[in-house]
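What follows is a single structure, written as structure tokens, with notes after it.
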Amino acid sequence: MRRISIFGATGSIGQSTIDLIRRDRESYDVVALTGGGNIARLAQDAIDLGAKVAVTAYEDRLSELRAALSGTGIEAAAGDAALIEAADREVDWFMSAIVGAAGLAPGLHALRHGKTLALANKESLVTAGPLLMDTAKEQGARILPVDSEHSAVFQGLVGENPAEVERVIITASGGPFRDWSLEQLKGATLEQACKHPSWDMGQRITIDSASMFNKALEIIETKEYFGFSPDQIEVLVHPGSYVHALVGFRDGALMAHLGAPDMRHAIGYALHWPERRDLPVERLDLAKVGQLRFEAPDEIRFPALRLAREVMATGGLAGAVFNAAKEAALDLFIARKIGFPDMARLVERVLTEMSAGVSLRVNALSLETILEADKEARARVFDLKAA
Ligand code: NAD
Ligand code: MG
């Protein structure tokens with residue numbers, strides 16, 4: 001029996017992970033499940049999977065969770081300290097699927113115990129890449145990528161010499177606004193941004209896909225996880241989302257990873273690694289797909305991609321600032337307080353301001369300095385909005 005914990009269990013990735021676990025219930029001993037405000041879902045999954053502890057991020061929801069779990073023998077807990085306490089519990093496999101920088105501290109704790117960390121929370125690598133990778137190395141822990149593009153690159157590198165890799169290409173669907181003009185983007189609504197053409201995901205990453213901020217985070221994620229230099233990392237718009245990534249070698253060969261747009265593929269690969277097992281995902285019928293389309297990305301309409309390059313050039317705390325400013329701007333867009341293109345505008349201003357003051361180019365990243373930079377970037381976004 002493998003002991004596992006799932007953080008962000010009630011979300012899109014968390015539920016897909018639980019779907020795979022349910023199909024093979026006897027193989028897993030579920031330790032901790034965590035969620036946010038969906039107490040009914042969290043409690044029901046904890047009961048069905050026989051978890052030891054269920055944690056909600058919200059302290060004011062603890063009594064509700066306790067009531068839902070009463071008589072089951074499952075512990076109920078709430079708040080940030082409880083999340084950390086649960087992340088410190090011994091397991092063999094830990095799914096990091098909280099959305100946002102809030103996923104960093106629990107994931108870091110899990111790594112400190114030498115666990116295998118299945119990492120969906122790309123924000124951890126963007127804000128604290130070197131800290132996460134160094135911690136894994138020191139502890140003899142392993143991080144397995146769960147983002148579809150990064151799982152695809154990871155699979156493309158099996159048996160290869162990384163020194164022979166010339167470039168990696170991660171694909172982007174282009175989102176619902178792929179062919180919208182700058183003028184049209186100004187009028188883009190929340191509802192339109194929430195309609196992804198090929199993937200079914202949580203609300204925040206869906207909007208990030210529409211703005212290409214998701215791809216911007218993923219460029220940085222690629223650099224931090226695999227150690228490729230920024231100029232080796234390319235983005236290609238591919239509306240069908242069948243090709244997830246390509247690895248290019250020094251002899252000119254390109255190895256592509258194809259699959260149906262279903263996150264259970266990447267989750268399952270990380271769950272069963274280094275083996276491959278049967279997965280309940282659609283098998284691609286390429287004759288039916290017919291054609292694969294590709295386009296160059298447009299950094300004028302989608303400035304997030306250009307900003308990602310600036311972040312990589314600066315390094316240090318720039319990733320934490322970029323991600324936090326993006327999260328705050330996204331909050332404002334979801335609250336209908338700013339327009340769609342304002343997100344990139346605010347993020348760029350905060351990045352410029354904070355690069356001009358105290359240098360973001362610090363050498364040693366710590367959780368404390370990262371959280372401080374994160375807090376300041378969020379505050380600046382709200383100040384700029386108010387001004
Ligand atoms: P989601 O919004 O569907 O779920 C997020 C989960 O995190 C929920 O369980 C929620 O309760 C919890 N959560 C939210 N805020 C929290 C906080 N402050 N503290 C503790 N828990 C909190 O998100 P998702 O789409 O499943 O994405 C999860 C992560 O996986 C993100 O980092 C995302 O970028 C990444 N990812 C998602 C997909 C996808 O297909 N959904 C694909 C690739 C990568
Ligand atoms: Mg992705």
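How things are named: the first chain in the structure tokens is A, the next is B, and so on; residues count from 1 in each chain; ligands count from 1 in the order shown.
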Dump the neighbourhood of ligand 2 as a PyMOL selection string: all residues within 12 Å, distances computed on only C-alpha atoms and all ligand atoms. chain A and resi 13+119-123+145-153+170-174+198-201+205-206+208-209+212-222+235+241+243-245+261-263+266-267
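When the distance limit is 9 Å and only C-alpha atoms are what count, the residues near stretch 63-70 of chain A, minus those fewer than 6 positions from it on the same chain, are Ile39, Ala40, Leu42, Ala43, Gln44, Ala46, Ile47, Ala54, Val55, Thr56, Ala76, Ala77 and Ala78 of chain A.
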Any chance you could tabulate, as a tab-separated table, the residues of stretch 114-192 of chain A at most 8 Å from stretch 312-331 of chain A with each one's nearest atom pair and distance in Å to one decimal, using only C-alpha atoms, in chain and rising number order?
```
residue	atom	partner	partner_atom	distance
A:Glu123	CA	A:Asn323	CA	6.9
A:Val126	CA	A:Gly319	CA	5.2
A:Thr127	CA	A:Ala320	CA	4.0
A:Ala128	CA	A:Ala320	CA	7.1
```
Neighbour list for stretch 336-347 of chain A as a list in words, cut-off 8 Å, only C-alpha atoms, skip fewer than 5 positions in-chain: Leu185, Lys186, Gly187, Ala188, Thr189, Leu190, Ser211, Pro303, Ala304, Phe322, Ala325, Lys326, Ala329, Leu330, Val381, Leu384 and Lys385 of chain A
Who sits within 7 Å of A:Phe249, only C-alpha atoms, same chain under 5 positions skipped, as a ChimeraX atom specification: /A:164-167,254
Write a file of the selected residues as a CSV table (one decimal), in the first residue's frame, keeping N, CA and C atoms.
```csv
chain,number,residue,atom,x,y,z
A,164,GLU,N,22.3,16.9,-24.9
A,164,GLU,CA,22.1,16.9,-26.3
A,164,GLU,C,20.8,17.6,-26.7
A,165,VAL,N,20.1,18.1,-25.7
A,165,VAL,CA,18.8,18.8,-26.1
A,165,VAL,C,19.2,20.2,-26.5
A,166,GLU,N,18.6,20.6,-27.7
A,166,GLU,CA,18.8,21.9,-28.2
A,166,GLU,C,17.8,22.9,-27.7
A,167,ARG,N,16.5,22.4,-27.7
A,167,ARG,CA,15.4,23.3,-27.4
A,167,ARG,C,14.2,22.5,-26.9
A,254,LEU,N,12.9,16.2,-33.6
A,254,LEU,CA,11.9,16.7,-32.7
A,254,LEU,C,11.1,15.6,-32.2
```
Let's see if you can do this: from backbone DSSP, list all helix (DSSP H, G or I) residues in stretch 147-247 of chain A, as a ChimeraX atom specification. /A:148-156,162-164,182-185,190-193,203-211,213-226,230-232
Taking N, CA and C atoms for each residue, export the selection above as a CSV table (one decimal), in the first residue's frame.
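Final output, selection.csv:
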```csv
chain,number,residue,atom,x,y,z
A,148,SER,N,0.8,19.4,-17.9
A,148,SER,CA,0.8,18.5,-19.1
A,148,SER,C,2.0,18.7,-19.9
A,149,GLU,N,2.4,20.0,-20.1
A,149,GLU,CA,3.6,20.3,-21.0
A,149,GLU,C,4.8,19.7,-20.4
A,150,HIS,N,4.9,19.9,-19.1
A,150,HIS,CA,6.2,19.5,-18.4
A,150,HIS,C,6.3,18.0,-18.2
A,151,SER,N,5.1,17.4,-18.0
A,151,SER,CA,5.1,15.9,-18.0
A,151,SER,C,5.5,15.4,-19.4
A,152,ALA,N,5.1,16.1,-20.4
A,152,ALA,CA,5.4,15.7,-21.8
A,152,ALA,C,6.9,15.8,-22.1
A,153,VAL,N,7.5,16.9,-21.6
A,153,VAL,CA,9.0,17.1,-21.8
A,153,VAL,C,9.7,16.1,-21.0
A,154,PHE,N,9.3,15.8,-19.7
A,154,PHE,CA,9.9,14.8,-18.9
A,154,PHE,C,9.9,13.5,-19.6
A,155,GLN,N,8.7,13.1,-20.2
A,155,GLN,CA,8.6,11.8,-20.9
A,155,GLN,C,9.5,11.8,-22.1
A,156,GLY,N,9.7,13.0,-22.8
A,156,GLY,CA,10.5,13.1,-24.0
A,156,GLY,C,12.0,13.0,-23.6
A,162,PRO,N,20.5,15.0,-21.4
A,162,PRO,CA,20.0,16.4,-21.4
A,162,PRO,C,21.0,17.4,-22.1
A,163,ALA,N,22.3,17.0,-22.2
A,163,ALA,CA,23.2,17.9,-22.8
A,163,ALA,C,23.0,17.9,-24.3
A,164,GLU,N,22.3,16.9,-24.9
A,164,GLU,CA,22.1,16.9,-26.3
A,164,GLU,C,20.8,17.6,-26.7
A,182,LEU,N,-6.4,43.6,-30.3
A,182,LEU,CA,-6.2,44.4,-29.0
A,182,LEU,C,-7.4,45.1,-28.6
A,183,GLU,N,-8.1,45.7,-29.6
A,183,GLU,CA,-9.3,46.4,-29.4
A,183,GLU,C,-10.4,45.6,-28.8
A,184,GLN,N,-10.6,44.4,-29.3
A,184,GLN,CA,-11.6,43.4,-28.8
A,184,GLN,C,-11.2,43.0,-27.4
A,185,LEU,N,-9.9,42.8,-27.1
A,185,LEU,CA,-9.5,42.3,-25.8
A,185,LEU,C,-9.9,43.2,-24.7
A,190,LEU,N,-15.5,38.4,-18.1
A,190,LEU,CA,-15.2,37.3,-17.2
A,190,LEU,C,-15.7,36.0,-17.8
A,191,GLU,N,-17.0,36.0,-18.2
A,191,GLU,CA,-17.6,34.8,-18.7
A,191,GLU,C,-16.9,34.3,-20.0
A,192,GLN,N,-16.5,35.3,-20.9
A,192,GLN,CA,-15.8,34.8,-22.1
A,192,GLN,C,-14.4,34.3,-21.7
A,193,ALA,N,-13.7,34.8,-20.7
A,193,ALA,CA,-12.4,34.4,-20.3
A,193,ALA,C,-12.5,33.0,-19.6
A,203,GLN,N,-11.1,27.7,-12.3
A,203,GLN,CA,-11.4,29.0,-12.9
A,203,GLN,C,-10.1,29.9,-13.1
A,204,ARG,N,-9.2,29.9,-12.1
A,204,ARG,CA,-8.1,30.8,-12.2
A,204,ARG,C,-7.2,30.4,-13.3
A,205,ILE,N,-6.8,29.1,-13.5
A,205,ILE,CA,-5.9,28.7,-14.6
A,205,ILE,C,-6.6,28.9,-15.9
A,206,THR,N,-7.9,28.8,-16.0
A,206,THR,CA,-8.6,29.0,-17.2
A,206,THR,C,-8.5,30.4,-17.7
A,207,ILE,N,-8.6,31.4,-16.8
A,207,ILE,CA,-8.5,32.8,-17.1
A,207,ILE,C,-7.0,33.1,-17.5
A,208,ASP,N,-6.1,32.4,-16.7
A,208,ASP,CA,-4.7,32.6,-17.0
A,208,ASP,C,-4.3,32.1,-18.4
A,209,SER,N,-5.1,31.1,-18.9
A,209,SER,CA,-4.9,30.6,-20.2
A,209,SER,C,-5.3,31.6,-21.3
A,210,ALA,N,-6.4,32.2,-21.0
A,210,ALA,CA,-6.9,33.2,-21.9
A,210,ALA,C,-6.0,34.4,-22.0
A,211,SER,N,-5.3,34.8,-20.9
A,211,SER,CA,-4.4,35.9,-21.0
A,211,SER,C,-3.0,35.5,-21.3
A,213,PHE,N,-1.0,34.2,-19.3
A,213,PHE,CA,-0.2,34.2,-18.1
A,213,PHE,C,0.1,32.8,-17.7
A,214,ASN,N,-0.8,31.9,-18.0
A,214,ASN,CA,-0.5,30.5,-17.7
A,214,ASN,C,0.7,30.0,-18.4
A,215,LYS,N,0.8,30.4,-19.7
A,215,LYS,CA,2.0,29.9,-20.5
A,215,LYS,C,3.3,30.7,-20.0
A,216,ALA,N,3.1,31.9,-19.6
A,216,ALA,CA,4.2,32.7,-19.0
A,216,ALA,C,4.8,32.0,-17.8
A,217,LEU,N,3.9,31.5,-16.9
A,217,LEU,CA,4.3,30.8,-15.7
A,217,LEU,C,5.0,29.5,-16.1
A,218,GLU,N,4.5,28.9,-17.2
A,218,GLU,CA,5.0,27.6,-17.6
A,218,GLU,C,6.4,27.7,-18.3
A,219,ILE,N,6.7,28.9,-18.9
A,219,ILE,CA,8.0,29.1,-19.5
A,219,ILE,C,9.0,29.1,-18.3
A,220,ILE,N,8.7,29.8,-17.2
A,220,ILE,CA,9.5,29.9,-16.1
A,220,ILE,C,9.6,28.5,-15.4
A,221,GLU,N,8.5,27.9,-15.3
A,221,GLU,CA,8.5,26.5,-14.7
A,221,GLU,C,9.4,25.6,-15.4
A,222,THR,N,9.5,25.7,-16.8
A,222,THR,CA,10.4,24.8,-17.6
A,222,THR,C,11.8,25.1,-17.3
A,223,LYS,N,12.1,26.4,-17.1
A,223,LYS,CA,13.5,26.8,-16.8
A,223,LYS,C,13.9,26.3,-15.4
A,224,GLU,N,13.0,26.5,-14.4
A,224,GLU,CA,13.4,26.1,-13.1
A,224,GLU,C,13.4,24.6,-12.9
A,225,TYR,N,12.5,23.9,-13.5
A,225,TYR,CA,12.5,22.4,-13.3
A,225,TYR,C,13.6,21.7,-14.0
A,226,PHE,N,13.7,22.0,-15.3
A,226,PHE,CA,14.7,21.2,-16.2
A,226,PHE,C,16.0,21.9,-16.2
A,230,PRO,N,16.8,30.2,-20.8
A,230,PRO,CA,15.6,30.8,-21.4
A,230,PRO,C,15.5,30.8,-22.9
A,231,ASP,N,16.7,30.9,-23.6
A,231,ASP,CA,16.6,30.9,-25.1
A,231,ASP,C,16.4,29.5,-25.7
A,232,GLN,N,16.5,28.5,-24.8
A,232,GLN,CA,16.2,27.2,-25.3
A,232,GLN,C,14.7,26.8,-25.3
```
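In this model, the gap between atom 27 (O, counted along the ligand's line) of ligand 1 and atom CA of A:Phe294 comes to 25.7 Å.
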Residue contacts of A:Asp88 (7 Å, only C-alpha atoms) excluding same-chain residues fewer than 4 positions away, as a VMD selection string: chain A and resid 84 109 to 110
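Interatomic distance, atom CA of A:Leu132 to atom CA of A:Ala308: 19.2 Å.
Counting only C-alpha atoms and all ligand atoms and comparing A:Ala9, A:Ile18, A:Ile334, A:Val247, the residue that lies closest to ligand 1 is A:Ala9.
Counting only C-alpha atoms and all ligand atoms, the residue from A:Leu104, A:Leu367, A:Ala373, A:Val158 that sits nearest to ligand 1 is A:Leu104.
Of the listed residues (A:Lys115, A:His265, A:Arg250, A:Arg378), A:His265 comes nearest to ligand 1; the distances count only C-alpha atoms and all ligand atoms.
Closest approach to ligand 1 among A:Thr72, A:Ser5, A:Ser12, A:Ser124: A:Ser12, based on only C-alpha atoms and all ligand atoms.
Minimum distance to ligand 1 across A:Glu59, A:Glu295, A:Glu372, A:Asp92 (counting only C-alpha atoms and all ligand atoms) occurs at A:Glu59.
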If DSSP is run on the backbone, what residues of stretch 10-190 of chain A are strand (DSSP E or B)? A reply as an MDAnalysis selection string would be ideal. chainID A and resid 28:35 53:56 75:78 93:96 116:119 142:145 165:172
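Atom CA of A:Ala81 to atom 7 (O, counted along the ligand's line) of ligand 1 spans 15.7 Å [interatomic distance, one decimal].
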Given only C-alpha atoms and all ligand atoms as the basis, pick out the residue of A:Asp80, A:Glu275, A:Asp29, A:Asp19 nearest to ligand 1. A:Asp80
